[in-house]
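Okay, input.json now, which holds JSON, C-alpha atoms:
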```json
[["chain", "number", "residue", "atom", "x", "y", "z"],
["A", 1, "MET", "CA", 21.48, -6.41, -65.23],
["A", 2, "LYS", "CA", 18.57, -4.17, -64.35],
["A", 3, "LYS", "CA", 16.52, -7.19, -63.42],
["A", 4, "ILE", "CA", 19.27, -8.48, -61.12],
["A", 5, "THR", "CA", 19.65, -5.15, -59.33],
["A", 6, "ALA", "CA", 15.89, -4.91, -59.01],
["A", 7, "THR", "CA", 15.69, -8.35, -57.43],
["A", 8, "PHE", "CA", 18.65, -7.50, -55.19],
["A", 9, "LEU", "CA", 16.92, -4.30, -54.03],
["A", 10, "MET", "CA", 13.75, -6.25, -53.37],
["A", 11, "PHE", "CA", 15.81, -8.73, -51.37],
["A", 12, "MET", "CA", 17.18, -5.87, -49.35],
["A", 13, "ILE", "CA", 13.67, -4.68, -48.59],
["A", 14, "THR", "CA", 12.61, -8.11, -47.45],
["A", 15, "MET", "CA", 15.74, -8.45, -45.36],
["A", 16, "GLN", "CA", 14.85, -5.25, -43.62],
["A", 17, "LEU", "CA", 11.43, -6.64, -42.95],
["A", 18, "PHE", "CA", 12.97, -9.81, -41.58],
["A", 19, "ALA", "CA", 15.29, -7.80, -39.39],
["A", 20, "GLN", "CA", 12.35, -5.94, -37.92],
["A", 21, "GLY", "CA", 10.50, -9.16, -37.28],
["A", 22, "GLN", "CA", 13.52, -10.66, -35.59],
["A", 23, "GLY", "CA", 13.99, -7.59, -33.38],
["A", 24, "SER", "CA", 10.49, -7.85, -32.05],
["A", 25, "ALA", "CA", 10.99, -11.57, -31.59],
["A", 26, "ILE", "CA", 14.03, -10.88, -29.41],
["A", 27, "THR", "CA", 12.19, -8.36, -27.28],
["A", 28, "ASP", "CA", 9.33, -10.82, -27.10],
["A", 29, "SER", "CA", 11.59, -13.52, -25.75],
["A", 30, "LEU", "CA", 13.16, -11.08, -23.31],
["A", 31, "TYR", "CA", 9.79, -10.15, -21.91],
["A", 32, "ALA", "CA", 8.29, -13.58, -22.39],
["A", 33, "SER", "CA", 8.71, -14.40, -18.73],
["A", 34, "GLY", "CA", 5.30, -13.70, -17.35],
["A", 35, "LYS", "CA", 6.74, -11.86, -14.34],
["A", 36, "ILE", "CA", 4.29, -13.71, -12.11],
["A", 37, "TYR", "CA", 7.05, -14.11, -9.51],
["A", 38, "VAL", "CA", 7.00, -10.36, -8.99],
["A", 39, "VAL", "CA", 3.47, -10.78, -7.68],
["A", 40, "VAL", "CA", 4.52, -13.76, -5.55],
["A", 41, "ALA", "CA", 7.35, -11.70, -4.05],
["A", 42, "CYS", "CA", 4.99, -8.83, -3.23],
["A", 43, "VAL", "CA", 2.48, -11.12, -1.57],
["A", 44, "LEU", "CA", 5.33, -12.65, 0.44],
["A", 45, "VAL", "CA", 6.47, -9.20, 1.54],
["A", 46, "ILE", "CA", 2.97, -8.34, 2.73],
["A", 47, "LEU", "CA", 2.68, -11.64, 4.58],
["A", 48, "LEU", "CA", 6.09, -11.25, 6.23],
["A", 49, "GLY", "CA", 5.30, -7.67, 7.22],
["A", 50, "LEU", "CA", 2.03, -8.65, 8.85],
["A", 51, "LEU", "CA", 3.67, -11.60, 10.61],
["A", 52, "LEU", "CA", 6.48, -9.41, 11.98],
["A", 53, "PHE", "CA", 3.83, -7.00, 13.17],
["A", 54, "LEU", "CA", 2.06, -9.87, 14.97],
["A", 55, "PHE", "CA", 5.29, -10.47, 16.90],
["A", 56, "THR", "CA", 5.41, -6.84, 18.03],
["A", 57, "ILE", "CA", 1.84, -7.09, 19.33],
["A", 58, "GLU", "CA", 2.82, -10.31, 21.09],
["A", 59, "LYS", "CA", 5.68, -8.49, 22.79],
["A", 60, "ARG", "CA", 3.39, -5.73, 24.04],
["A", 61, "LEU", "CA", 0.84, -8.24, 25.30],
["A", 62, "LYS", "CA", 3.55, -10.21, 27.11],
["A", 63, "LYS", "CA", 4.59, -7.09, 28.98],
["A", 64, "ILE", "CA", 1.00, -6.48, 30.09],
["A", 65, "GLU", "CA", 0.64, -10.10, 31.15],
["A", 66, "LYS", "CA", 3.79, -9.88, 33.24],
["A", 67, "LYS", "CA", 2.56, -6.75, 34.98],
["A", 68, "THR", "CA", -0.88, -8.20, 35.73],
["A", 69, "SER", "CA", 0.58, -11.45, 37.04],
["A", 70, "ALA", "CA", 2.95, -9.47, 39.28],
["A", 71, "LYS", "CA", -0.01, -7.58, 40.71],
["A", 72, "ILE", "CA", -1.92, -10.75, 41.52],
["B", 1, "MET", "CA", -15.51, -2.52, 17.14],
["B", 2, "TYR", "CA", -15.90, -5.74, 19.12],
["B", 3, "LYS", "CA", -18.22, -7.48, 16.68],
["B", 4, "SER", "CA", -16.55, -10.05, 14.47],
["B", 5, "TRP", "CA", -18.72, -10.14, 11.35],
["B", 6, "TRP", "CA", -16.73, -7.44, 9.55],
["B", 7, "LYS", "CA", -13.45, -9.08, 10.44],
["B", 8, "ILE", "CA", -14.68, -12.33, 8.89],
["B", 9, "LEU", "CA", -15.91, -10.36, 5.88],
["B", 10, "GLY", "CA", -12.50, -8.73, 5.50],
["B", 11, "ALA", "CA", -10.72, -12.08, 5.78],
["B", 12, "VAL", "CA", -13.04, -13.68, 3.21],
["B", 13, "LEU", "CA", -12.59, -10.77, 0.80],
["B", 14, "VAL", "CA", -8.80, -10.86, 1.13],
["B", 15, "ILE", "CA", -8.70, -14.63, 0.61],
["B", 16, "TYR", "CA", -11.01, -14.31, -2.40],
["B", 17, "SER", "CA", -8.94, -11.50, -3.90],
["B", 18, "THR", "CA", -5.69, -13.42, -3.41],
["B", 19, "ILE", "CA", -6.98, -16.58, -5.06],
["B", 20, "ALA", "CA", -8.85, -14.79, -7.84],
["B", 21, "GLY", "CA", -5.97, -12.35, -8.21],
["B", 22, "PHE", "CA", -3.66, -15.18, -9.15],
["B", 23, "LEU", "CA", -6.13, -17.14, -11.26],
["B", 24, "ILE", "CA", -8.46, -14.77, -13.10],
["B", 25, "LYS", "CA", -7.37, -13.72, -16.59],
["B", 26, "THR", "CA", -5.87, -10.29, -17.04],
["B", 27, "PRO", "CA", -5.42, -8.20, -20.18],
["B", 28, "ASP", "CA", -2.03, -8.87, -21.81],
["B", 29, "LEU", "CA", -0.14, -5.62, -21.29],
["B", 30, "PRO", "CA", 3.27, -5.06, -22.94],
["B", 31, "ILE", "CA", 5.96, -4.75, -20.28],
["B", 32, "ILE", "CA", 4.24, -5.41, -17.00],
["B", 33, "ARG", "CA", 2.69, -8.67, -18.24],
["B", 34, "GLU", "CA", 1.46, -10.82, -15.38],
["B", 35, "SER", "CA", 2.78, -8.40, -12.78],
["B", 36, "ILE", "CA", -0.39, -6.38, -13.39],
["B", 37, "ARG", "CA", -1.81, -8.74, -10.76],
["B", 38, "ASN", "CA", 0.14, -6.69, -8.24],
["B", 39, "LEU", "CA", -2.69, -4.20, -8.59],
["B", 40, "TYR", "CA", -4.69, -6.41, -6.23],
["B", 41, "PHE", "CA", -1.98, -6.31, -3.56],
["B", 42, "HIS", "CA", 0.02, -3.09, -3.92],
["B", 43, "VAL", "CA", -2.79, -0.57, -4.38],
["B", 44, "PRO", "CA", -5.08, -1.78, -1.53],
["B", 45, "MET", "CA", -2.16, -1.20, 0.87],
["B", 46, "TRP", "CA", -2.27, 2.50, 0.05],
["B", 47, "PHE", "CA", -6.04, 2.65, 0.25],
["B", 48, "SER", "CA", -6.11, 1.10, 3.70],
["B", 49, "MET", "CA", -3.29, 3.42, 4.78],
["B", 50, "ILE", "CA", -5.35, 6.43, 3.70],
["B", 51, "VAL", "CA", -8.47, 5.13, 5.44],
["B", 52, "LEU", "CA", -6.49, 4.58, 8.66],
["B", 53, "PHE", "CA", -4.95, 8.05, 8.50],
["B", 54, "SER", "CA", -8.40, 9.59, 7.96],
["B", 55, "THR", "CA", -9.79, 7.79, 11.01],
["B", 56, "SER", "CA", -6.79, 9.14, 12.88],
["B", 57, "VAL", "CA", -7.62, 12.71, 11.84],
["B", 58, "PHE", "CA", -11.25, 12.15, 12.75],
["B", 59, "HIS", "CA", -10.25, 11.10, 16.26],
["B", 60, "SER", "CA", -7.75, 13.93, 16.56],
["B", 61, "VAL", "CA", -10.49, 16.46, 15.80],
["B", 62, "LYS", "CA", -12.72, 14.66, 18.28],
["B", 63, "TYR", "CA", -9.97, 14.83, 20.89],
["B", 64, "LEU", "CA", -9.56, 18.56, 20.43],
["B", 65, "SER", "CA", -13.29, 19.09, 20.91],
["B", 66, "ASN", "CA", -13.85, 16.88, 23.96],
["B", 67, "SER", "CA", -10.31, 16.08, 25.26],
["B", 68, "ASN", "CA", -11.17, 12.45, 25.94],
["B", 69, "PRO", "CA", -7.84, 10.57, 26.24],
["B", 70, "HIS", "CA", -9.32, 7.52, 24.50],
["B", 71, "ASP", "CA", -9.72, 9.55, 21.31],
["B", 72, "ASP", "CA", -6.03, 10.40, 21.50],
["B", 73, "ILE", "CA", -5.14, 6.71, 21.80],
["B", 74, "LYS", "CA", -7.37, 5.94, 18.83],
["B", 75, "ALA", "CA", -5.59, 8.60, 16.78],
["B", 76, "VAL", "CA", -2.12, 7.23, 17.59],
["B", 77, "GLU", "CA", -2.95, 3.62, 17.03],
["B", 78, "SER", "CA", -4.61, 4.21, 13.69],
["B", 79, "VAL", "CA", -1.47, 6.06, 12.61],
["B", 80, "ASN", "CA", 0.60, 3.10, 13.83],
["B", 81, "ALA", "CA", -1.49, 0.70, 11.75],
["B", 82, "GLY", "CA", -1.47, 3.07, 8.77],
["B", 83, "VAL", "CA", 2.31, 3.38, 8.83],
["B", 84, "ILE", "CA", 2.61, -0.42, 8.61],
["B", 85, "PHE", "CA", 0.45, -0.41, 5.51],
["B", 86, "GLY", "CA", 2.43, 2.49, 4.09],
["B", 87, "ILE", "CA", 5.70, 0.61, 4.52],
["B", 88, "LEU", "CA", 4.17, -2.49, 2.95],
["B", 89, "GLY", "CA", 2.89, -0.41, 0.04],
["B", 90, "LEU", "CA", 6.28, 1.19, -0.44],
["B", 91, "SER", "CA", 8.19, -2.10, -0.38],
["B", 92, "THR", "CA", 5.78, -3.93, -2.70],
["B", 93, "GLY", "CA", 5.93, -0.88, -4.97],
["B", 94, "MET", "CA", 9.73, -1.07, -5.01],
["B", 95, "ILE", "CA", 9.66, -4.74, -5.99],
["B", 96, "TRP", "CA", 7.14, -4.03, -8.73],
["B", 97, "ALA", "CA", 9.13, -1.04, -9.96],
["B", 98, "ARG", "CA", 12.30, -3.13, -10.12],
["B", 99, "PHE", "CA", 10.70, -5.35, -12.76],
["B", 100, "ALA", "CA", 8.33, -2.93, -14.48],
["B", 101, "TRP", "CA", 10.41, 0.26, -14.59],
["B", 102, "GLY", "CA", 13.88, -1.29, -14.29],
["B", 103, "GLN", "CA", 14.89, 0.21, -10.96],
["B", 104, "ALA", "CA", 13.60, -0.24, -7.46],
["B", 105, "TRP", "CA", 13.77, 3.50, -6.83],
["B", 106, "SER", "CA", 13.69, 5.52, -10.02],
["B", 107, "PHE", "CA", 12.92, 8.76, -8.19],
["B", 108, "ASP", "CA", 9.46, 8.78, -9.64],
["B", 109, "VAL", "CA", 7.44, 11.73, -8.31],
["B", 110, "LYS", "CA", 4.81, 9.63, -6.63],
["B", 111, "GLN", "CA", 7.41, 7.31, -5.09],
["B", 112, "ASN", "CA", 9.29, 10.24, -3.59],
["B", 113, "PHE", "CA", 6.15, 11.91, -2.29],
["B", 114, "ALA", "CA", 4.80, 8.69, -0.83],
["B", 115, "ALA", "CA", 8.08, 8.27, 1.07],
["B", 116, "ILE", "CA", 7.82, 11.85, 2.31],
["B", 117, "ALA", "CA", 4.21, 11.28, 3.39],
["B", 118, "ILE", "CA", 5.28, 8.27, 5.46],
["B", 119, "LEU", "CA", 8.14, 10.29, 6.93],
["B", 120, "LEU", "CA", 5.56, 12.92, 7.94],
["B", 121, "TYR", "CA", 3.77, 10.31, 9.99],
["B", 122, "PHE", "CA", 7.04, 8.99, 11.42],
["B", 123, "ALA", "CA", 7.61, 12.56, 12.56],
["B", 124, "TYR", "CA", 4.19, 12.46, 14.22],
["B", 125, "LEU", "CA", 5.14, 9.33, 16.17],
["B", 126, "VAL", "CA", 8.53, 10.79, 17.13],
["B", 127, "LEU", "CA", 6.91, 14.03, 18.21],
["B", 128, "ARG", "CA", 4.62, 12.11, 20.53],
["B", 129, "ASN", "CA", 7.54, 10.35, 22.17],
["B", 130, "ALA", "CA", 9.34, 13.65, 22.67],
["B", 131, "ILE", "CA", 6.66, 15.16, 24.94],
["B", 132, "ASP", "CA", 6.26, 13.76, 28.43],
["B", 133, "GLU", "CA", 3.22, 15.55, 29.70],
["B", 134, "GLU", "CA", 0.18, 13.58, 28.60],
["B", 135, "GLN", "CA", -2.38, 16.28, 27.85],
["B", 136, "LYS", "CA", 0.14, 18.52, 26.14],
["B", 137, "ARG", "CA", 1.35, 15.59, 24.03],
["B", 138, "ALA", "CA", -2.19, 14.70, 23.00],
["B", 139, "LYS", "CA", -3.06, 18.27, 22.08],
["B", 140, "ILE", "CA", 0.11, 19.09, 20.14],
["B", 141, "SER", "CA", 0.10, 15.79, 18.27],
["B", 142, "ALA", "CA", -3.58, 16.17, 17.41],
["B", 143, "ILE", "CA", -2.87, 19.57, 15.88],
["B", 144, "TYR", "CA", 0.14, 18.20, 14.02],
["B", 145, "ASN", "CA", -2.01, 15.33, 12.73],
["B", 146, "ILE", "CA", -4.66, 17.72, 11.43],
["B", 147, "PHE", "CA", -1.96, 19.58, 9.50],
["B", 148, "ALA", "CA", -0.20, 16.43, 8.29],
["B", 149, "PHE", "CA", -3.28, 14.82, 6.78],
["B", 150, "PRO", "CA", -4.06, 17.38, 4.05],
["B", 151, "ILE", "CA", -0.34, 17.58, 3.22],
["B", 152, "MET", "CA", -0.32, 13.79, 2.80],
["B", 153, "VAL", "CA", -3.36, 13.98, 0.50],
["B", 154, "VAL", "CA", -1.73, 16.73, -1.58],
["B", 155, "LEU", "CA", 1.54, 14.79, -1.79],
["B", 156, "LEU", "CA", -0.14, 11.59, -2.91],
["B", 157, "PHE", "CA", -2.96, 12.83, -5.14],
["B", 158, "VAL", "CA", -2.35, 16.38, -6.29],
["B", 159, "LEU", "CA", 1.36, 16.97, -6.88],
["B", 160, "PRO", "CA", 2.08, 13.71, -8.80],
["B", 161, "ARG", "CA", -0.64, 14.68, -11.28],
["B", 162, "MET", "CA", 1.10, 17.94, -12.05],
["B", 163, "ALA", "CA", 4.50, 16.40, -12.83],
["B", 164, "ASP", "CA", 5.69, 13.58, -15.05],
["B", 165, "SER", "CA", 5.27, 10.31, -13.24],
["B", 166, "LEU", "CA", 5.67, 6.69, -14.15],
["B", 167, "HIS", "CA", 2.59, 5.81, -12.16],
["B", 168, "PRO", "CA", -0.59, 5.40, -14.17],
["B", 169, "GLY", "CA", -3.00, 8.28, -13.74],
["B", 170, "ASP", "CA", -0.29, 10.86, -13.16],
["B", 171, "GLY", "CA", 1.38, 13.37, -15.42],
["B", 172, "GLY", "CA", -0.76, 12.61, -18.45],
["B", 173, "ASN", "CA", -0.42, 8.86, -18.14],
["B", 174, "PRO", "CA", -3.79, 7.20, -18.45],
["B", 175, "GLY", "CA", -5.02, 5.73, -15.18],
["B", 176, "PHE", "CA", -5.89, 2.12, -14.79],
["B", 177, "ASN", "CA", -9.52, 3.08, -15.09],
["B", 178, "ALA", "CA", -9.05, 4.35, -18.64],
["B", 179, "TYR", "CA", -8.70, 1.03, -20.38],
["B", 180, "ASP", "CA", -6.40, -1.33, -18.48],
["B", 181, "LEU", "CA", -8.83, -2.14, -15.73],
["B", 182, "ASP", "CA", -11.43, -4.21, -17.47],
["B", 183, "SER", "CA", -14.55, -5.55, -15.82],
["B", 184, "ARG", "CA", -12.90, -8.84, -14.83],
["B", 185, "MET", "CA", -10.13, -7.02, -12.98],
["B", 186, "ARG", "CA", -12.64, -4.78, -11.28],
["B", 187, "MET", "CA", -14.38, -7.88, -9.90],
["B", 188, "VAL", "CA", -11.19, -8.62, -7.98],
["B", 189, "PHE", "CA", -9.80, -5.13, -7.40],
["B", 190, "TYR", "CA", -12.73, -3.59, -5.50],
["B", 191, "PRO", "CA", -13.21, -6.56, -3.12],
["B", 192, "ALA", "CA", -9.44, -6.55, -2.56],
["B", 193, "CYS", "CA", -9.54, -2.88, -1.56],
["B", 194, "LEU", "CA", -12.50, -3.33, 0.75],
["B", 195, "GLY", "CA", -10.99, -6.48, 2.27],
["B", 196, "TRP", "CA", -7.62, -4.90, 3.00],
["B", 197, "ILE", "CA", -9.29, -1.78, 4.43],
["B", 198, "LEU", "CA", -11.28, -3.99, 6.80],
["B", 199, "ILE", "CA", -8.12, -5.89, 7.78],
["B", 200, "GLY", "CA", -6.41, -2.56, 8.41],
["B", 201, "CYS", "CA", -9.27, -1.47, 10.68],
["B", 202, "TRP", "CA", -9.03, -4.79, 12.48],
["B", 203, "ILE", "CA", -5.32, -4.27, 13.13],
["B", 204, "TYR", "CA", -6.09, -0.78, 14.37],
["B", 205, "THR", "CA", -8.72, -2.02, 16.85],
["B", 206, "ILE", "CA", -6.29, -4.66, 18.16],
["B", 207, "LEU", "CA", -3.61, -2.01, 18.66],
["B", 208, "TYR", "CA", -6.13, 0.25, 20.37],
["B", 209, "ARG", "CA", -7.21, -2.48, 22.76],
["B", 210, "VAL", "CA", -3.61, -3.39, 23.62],
["B", 211, "ARG", "CA", -2.82, 0.28, 24.27],
["B", 212, "THR", "CA", -5.84, 0.72, 26.57],
["B", 213, "LEU", "CA", -4.75, -2.37, 28.50],
["B", 214, "GLU", "CA", -1.23, -0.93, 28.78],
["B", 215, "LYS", "CA", -2.72, 2.29, 30.10],
["B", 216, "ASP", "CA", -4.92, 0.52, 32.66],
["B", 217, "HIS", "CA", -2.07, -1.61, 34.00],
["B", 218, "ARG", "CA", 0.55, 1.08, 34.30]]
```

Rewrite the structure from the file as structure tokens, please.
Amino acid sequence: MKKITATFLMFMITMQLFAQGQGSAITDSLYASGKIYVVVACVLVILLGLLLFLFTIEKRLKKIEKKTSAKI
Amino acid sequence: MYKSWWKILGAVLVIYSTIAGFLIKTPDLPIIRESIRNLYFHVPMWFSMIVLFSTSVFHSVKYLSNSNPHDDIKAVESVNAGVIFGILGLSTGMIWARFAWGQAWSFDVKQNFAAIAILLYFAYLVLRNAIDEEQKRAKISAIYNIFAFPIMVVLLFVLPRMADSLHPGDGGNPGFNAYDLDSRMRMVFYPACLGWILIGCWIYTILYRVRTLEKDHR
């Protein structure tokens, strides 16, 4: 009887160990995505921002061009 | 200002840092994983913003000493360029925070203070539009700028270090320099910073030239 309880307790210990291993495996799979698309999104935001800014400069230049052509 | 070698240098550095930033190996960090590569894009935005704001202060001081209207224009346009980089830094930071900290805006100290610093400079631009008389506008905004700059520096570099922040380097968190930024990342990070600063200066010179043209053709 003692032997059986001892083995059972040992099983419990190993189960706990397994549980811990599984937990980390789950978190691993949750964070397994490399999150590289976060970087892609940020680079896109920077690009879009600079492109929008180019359009504002264009607008200002167009105004100047109109004025100079009116003068001539 | 009109020479093109530094513009080409900036473009080459930014291209290099983008390609190498995506391809070079990074240390495997627990939660941020590959998004550590954002270091090459998010942080240089702030650096170029700070460089542009410092050139603005430099020209504001120069304006107060010699009252040359061109110095005033330089001060405004470098703030204009700096604000663009600030907004880009804020938005890329929000995207990064969404996936690294769980929320786009987690009311992190540095996030809040960075937003306030940008609002300070928005106030500068609004203040300029509120005053009609040219010399008065230039003088008052130059003085405001000289006060705003040290406040911006304190908001971004001093106060976040005294409170708990999610940003590395603040509130007892180890900075990237402590151990995350290994020599391979440095090879990309420093050129990225220099490249984006040069691009920022380029944008500023373009804005300055457009503004002088606007002034000449009024």

Please, which residues in chain A fall within 10 Å of chain B when counting all atoms listed in the file, and what is the closest atom pair and distance in Å to one decimal for each, ordered by chain then residue number, as a tab-separated table?
```
residue	atom	partner	partner_atom	distance
A:Asp28	CA	B:Pro30	CA	9.3
A:Tyr31	CA	B:Ile31	CA	6.8
A:Ala32	CA	B:Arg33	CA	8.5
A:Ser33	CA	B:Arg33	CA	8.3
A:Gly34	CA	B:Glu34	CA	5.2
A:Lys35	CA	B:Glu34	CA	5.5
A:Ile36	CA	B:Glu34	CA	5.2
A:Tyr37	CA	B:Ser35	CA	7.8
A:Val38	CA	B:Ser35	CA	6.0
A:Val39	CA	B:Asn38	CA	5.3
A:Val40	CA	B:Asn38	CA	8.7
A:Ala41	CA	B:Ile95	CA	7.6
A:Cys42	CA	B:Thr92	CA	5.0
A:Val43	CA	B:Phe41	CA	6.9
A:Leu44	CA	B:Thr92	CA	9.3
A:Val45	CA	B:Thr92	CA	6.8
A:Ile46	CA	B:Leu88	CA	6.0
A:Leu47	CA	B:Leu88	CA	9.4
A:Leu48	CA	B:Leu88	CA	9.5
A:Gly49	CA	B:Leu88	CA	6.8
A:Leu50	CA	B:Ile84	CA	8.3
A:Phe53	CA	B:Ile84	CA	8.1
A:Leu54	CA	B:Ile203	CA	9.4
A:Ile57	CA	B:Leu207	CA	7.5
A:Glu58	CA	B:Val210	CA	9.8
A:Arg60	CA	B:Val210	CA	7.4
A:Leu61	CA	B:Val210	CA	6.8
A:Lys63	CA	B:Glu214	CA	8.5
A:Ile64	CA	B:Glu214	CA	6.1
A:Glu65	CA	B:His217	CA	9.4
A:Lys67	CA	B:His217	CA	7.0
A:Thr68	CA	B:His217	CA	6.9
A:Lys71	CA	B:His217	CA	9.2
```

So that I have them on file, write out the residues from the current selection with C-alpha atoms, as a compact mmCIF listing (two decimals), in the frame of the given file.
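The result, stored in again27.txt:
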```
# COMPACT_ATOMS: atom_id res chain seq x y z
CA ASP A 28 9.33 -10.82 -27.10
CA TYR A 31 9.79 -10.15 -21.91
CA ALA A 32 8.29 -13.58 -22.39
CA SER A 33 8.71 -14.40 -18.73
CA GLY A 34 5.30 -13.70 -17.35
CA LYS A 35 6.74 -11.86 -14.34
CA ILE A 36 4.29 -13.71 -12.11
CA TYR A 37 7.05 -14.11 -9.51
CA VAL A 38 7.00 -10.36 -8.99
CA VAL A 39 3.47 -10.78 -7.68
CA VAL A 40 4.52 -13.76 -5.55
CA ALA A 41 7.35 -11.70 -4.05
CA CYS A 42 4.99 -8.83 -3.23
CA VAL A 43 2.48 -11.12 -1.57
CA LEU A 44 5.33 -12.65 0.44
CA VAL A 45 6.47 -9.20 1.54
CA ILE A 46 2.97 -8.34 2.73
CA LEU A 47 2.68 -11.64 4.58
CA LEU A 48 6.09 -11.25 6.23
CA GLY A 49 5.30 -7.67 7.22
CA LEU A 50 2.03 -8.65 8.85
CA PHE A 53 3.83 -7.00 13.17
CA LEU A 54 2.06 -9.87 14.97
CA ILE A 57 1.84 -7.09 19.33
CA GLU A 58 2.82 -10.31 21.09
CA ARG A 60 3.39 -5.73 24.04
CA LEU A 61 0.84 -8.24 25.30
CA LYS A 63 4.59 -7.09 28.98
CA ILE A 64 1.00 -6.48 30.09
CA GLU A 65 0.64 -10.10 31.15
CA LYS A 67 2.56 -6.75 34.98
CA THR A 68 -0.88 -8.20 35.73
CA LYS A 71 -0.01 -7.58 40.71
```

Length of the atom CA of B:Lys3 to atom CA of B:Ile197 vector [Å]: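 These two atoms are separated by 16.2 Å.
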
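Between B:Tyr204 and the candidates B:Phe53, B:Trp101, B:Phe189, B:Phe147, the tightest atom-to-atom separation, counting all atoms listed in the file, involves B:Phe53.
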
Length of the atom CA of B:Gly86 to atom CA of B:Lys136 vector [Å]: 27.4 Å

Can you report as lines of an AutoDock Vina configuration file the centre and edge lengths in Å, to one decimal, of an axis-aligned box around the listed atoms of stretch 52-67 of chain A padded with 4 Å on each side?
```
center_x = 3.6
center_y = -8.1
center_z = 23.5
size_x = 13.8
size_y = 12.7
size_z = 31.0
```

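Those residues positioned at most 10 Å from (-8.6, 12.1, 5.6) are Ile50, Val51, Leu52, Phe53, Ser54, Thr55, Ser56, Val57, Phe58, Ile146, Ala148, Phe149, Pro150, Met152 and Val153 of chain B, judged using all atoms listed in the file.
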
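With only C-alpha atoms taken into account, the protein and nucleic acid residues at most 10 Å from B:Ile24 (excluding it and anything under 4 positions from it in its own chain) are Ser17, Ile19, Ala20, Arg37, Arg184, Met185, Met187 and Val188 of chain B.
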
Non-local contacts of B:Asn112 (10 Å; only C-alpha atoms; under 6 positions in same chain excluded) as JSON, numbers by chain: {"B": [105, 106, 155, 156, 160]}

Please provide the set of residues having any atom within 10 Å of B:Ile131, restricted to only C-alpha atoms, with same-chain residues fewer than 6 positions apart removed, written as a short mmCIF file (atom, residue, chain, number, x, y, z; two decimals) with C-alpha atoms, in the coordinates of the input.
```
data_model
loop_
_atom_site.label_atom_id
_atom_site.label_comp_id
_atom_site.auth_asym_id
_atom_site.auth_seq_id
_atom_site.Cartn_x
_atom_site.Cartn_y
_atom_site.Cartn_z
CA ARG B 137 1.35 15.59 24.03
CA ALA B 138 -2.19 14.70 23.00
CA ILE B 140 0.11 19.09 20.14
CA SER B 141 0.10 15.79 18.27
#
```

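Note that atom CA of B:Trp196 and atom CA of B:Asn145 are 23.1 Å apart.
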
Selected residue of minimal separation from B:Val79 among B:Leu29, B:Ala123, B:Val109, B:Leu13, counting only C-alpha atoms: B:Ala123
